[in-house]
Amino acid sequence: MDLSFDISKKDNHIVMAVTGEIDLYSVKQLKESVTQVIEQEREARIIMDLNNVKYIDSTGLGILIGIKRRCAEKAGELSLVFDSERIANLFNITGLHNVFAIYKTVDEAAAKFQ
Amino acid sequence: MTGITGAQQSLVEIRVPNQPEFLRVVRLLVSGYMSRLPFNIEEVENVKVAVSEACNNAMQYAFAPDEQGSLTIRCWHDRDRLAFEVSDTGKGFDASDGAAPDSADDERGLGFLLIQTLMDDVQVSAQPGTGTTVTMFKSLKG
């Protein structure tokens with residue numbers, strides 16, 4: 001199963017909901033989709049909803065770091081949304097929970113952009 | 001099979017091409033094999049990540065770009081522990097020169113950090129020209 005994306009533009013940010021498994025095979029698809037979104041925005045404020053991501057590996061984590069950097073370069077920010085303890089554990093092990101703004105719901109993340 | 005004796009009867013072995021599209025096949029092997037054993041879902045998911053990361057490393061770094069190769073995944077268990085072993089037919093490295101993927105500075109290091117954290121014991125053996133073997137163990141609860 002490939003990744004699928006549901007992208008919605010709000011007043012001052014983009015919500016990108018990802019569904020599927022992010023691994024070495026699918027990560028290129030994620031990178032291309034996010035790059036398209038970032039290029040279209042003057043300020044890349046992105047909320048990435050990972051609540052329907054069942055699996056993510058180190059290549060996926062690596063790409064998220066790259067996306068965060070790209071957003072910052074465009075005067076924006078990347079916020080992540082997930083409620084999965086399994087995914088949270090991977091962020092904790094790698095120390096990336098200290099790198100990303102992480103929320104449990106899209107509404108919580110969006111409130112930060114208001 | 002290193003580190004476990006008397007496990008021959010439980011051995012399952014598959015070989016997959018060094019193409020990322022086969023990672024899901026490997027993860028299915030992990031969940032299928034572990035479903036017979038007393039592990040909970042979280043433990044199965046953790047082992048899936050670790051074994052998949054070992055395959056990632058092999059697919060990304062063991063072979064020249066566009067080189068066709070294969071990975072062999074073996075799993076077995078005895079009363080005390082479960083083992084997954086990922087071997088590639090790639091270029092290998094000299095394990096004595098400190099080139100083992102033990103750094104978290106890059107993606108490879110990130111993957112190996114996950115393997116080391118999620119499994120109970122990890123052994124890496126490699127020699128230039130003969131490929132690399134990563135053997136990962138998980139204790140079976142009494």
# chains A, B, ... in the order shown; residues from 1 in each chain; ligands from 1

$ select_by_dssp --residues "region 1-35 of chain B" --states "helix (DSSP H, G or I)" --output "list in words"
Gln8, Gln9, Ser10, Pro20, Glu21, Phe22, Leu23, Arg24, Val25, Val26, Arg27, Leu28, Leu29, Val30, Ser31, Gly32, Tyr33 and Met34 of chain B

$ residues_around --residues "region 70-80 of chain A" --least-positions-apart "2" --cutoff "8 Å" --atoms "only C-alpha atoms" --output "JSON, numbers by chain"
{"A": [38, 42, 43, 44, 45, 46, 47, 48, 49, 50, 66, 67, 68, 82, 100, 101, 102, 103, 109]}

$ write_last_selection --atoms "C-alpha atoms" --output "compact mmCIF listing (two decimals), in the first residue's frame"
# COMPACT_ATOMS: atom_id res chain seq x y z
CA ILE A 38 6.26 23.87 0.65
CA ARG A 42 5.24 31.82 1.04
CA GLU A 43 5.45 30.81 4.68
CA ALA A 44 5.54 27.06 5.15
CA ARG A 45 3.54 26.43 8.30
CA ILE A 46 2.64 22.76 8.14
CA ILE A 47 0.80 20.51 10.54
CA MET A 48 1.53 16.90 9.63
CA ASP A 49 -1.08 14.53 11.02
CA LEU A 50 0.49 11.09 11.51
CA GLY A 66 14.62 17.55 6.43
CA ILE A 67 11.05 18.81 6.10
CA LYS A 68 11.36 20.74 9.34
CA PHE A 82 0.19 11.70 16.66
CA PHE A 100 9.78 18.60 16.99
CA ALA A 101 6.67 20.32 18.25
CA ILE A 102 4.41 17.30 18.85
CA TYR A 103 0.68 17.40 19.59
CA ALA A 109 -1.40 22.07 16.88

$ closest_residue --among "A:Lys54, A:Arg69, A:Lys9, A:Lys112" --to "chain B" --atoms "only C-alpha atoms"
A:Lys54

$ residues_around --residues "Lys48 (chain B)" --least-positions-apart "3" --cutoff "12 Å" --atoms "only C-alpha atoms" --output "PyMOL selection string"
(chain A and resi 23+54-57+86) or (chain B and resi 23-34+41-45+51-56+84+114-115+118-119+136+138)

$ residues_around --residues "Arg74 (chain B)" --least-positions-apart "3" --cutoff "9 Å" --atoms "only C-alpha atoms" --output "mmCIF file with C-alpha atoms, in the first residue's frame"
data_model
loop_
_atom_site.group_PDB
_atom_site.id
_atom_site.type_symbol
_atom_site.label_atom_id
_atom_site.label_comp_id
_atom_site.auth_asym_id
_atom_site.auth_seq_id
_atom_site.Cartn_x
_atom_site.Cartn_y
_atom_site.Cartn_z
ATOM 1 C CA MET B 1 22.837 -19.548 13.470
ATOM 2 C CA LEU B 11 14.255 -22.155 11.816
ATOM 3 C CA VAL B 12 12.507 -20.183 9.089
ATOM 4 C CA GLU B 13 14.520 -18.583 6.315
ATOM 5 C CA ILE B 14 13.567 -16.318 3.437
ATOM 6 C CA ARG B 15 15.572 -14.482 0.828
ATOM 7 C CA ALA B 83 16.590 -14.490 17.078
ATOM 8 C CA PHE B 84 16.333 -12.659 13.773
ATOM 9 C CA GLU B 85 19.364 -12.587 11.522
ATOM 10 C CA VAL B 86 19.771 -10.363 8.451
ATOM 11 C CA SER B 87 22.627 -11.230 6.083
#

$ interface_residues --of "chain A" --to "chain B" --cutoff "12 Å" --atoms "only C-alpha atoms" --output "JSON, numbers by chain"
{"A": [1, 2, 20, 21, 22, 23, 24, 25, 26, 27, 28, 54, 55, 56, 57, 58, 59, 60, 61, 62, 63, 64, 65, 66, 84, 85, 86, 87, 89, 90, 91, 92, 93, 94, 95, 96]}

$ atom_distance --atom1 "CA of Asp88 (chain B)" --atom2 "CA of Glu67 (chain B)"
12.4 Å

$ atom_distance --atom1 "CA of Ser35 (chain B)" --atom2 "CA of Leu140 (chain B)"
12.8 Å

$ atom_distance --atom1 "CA of Thr89 (chain B)" --atom2 "CA of Thr132 (chain B)"
7.3 Å
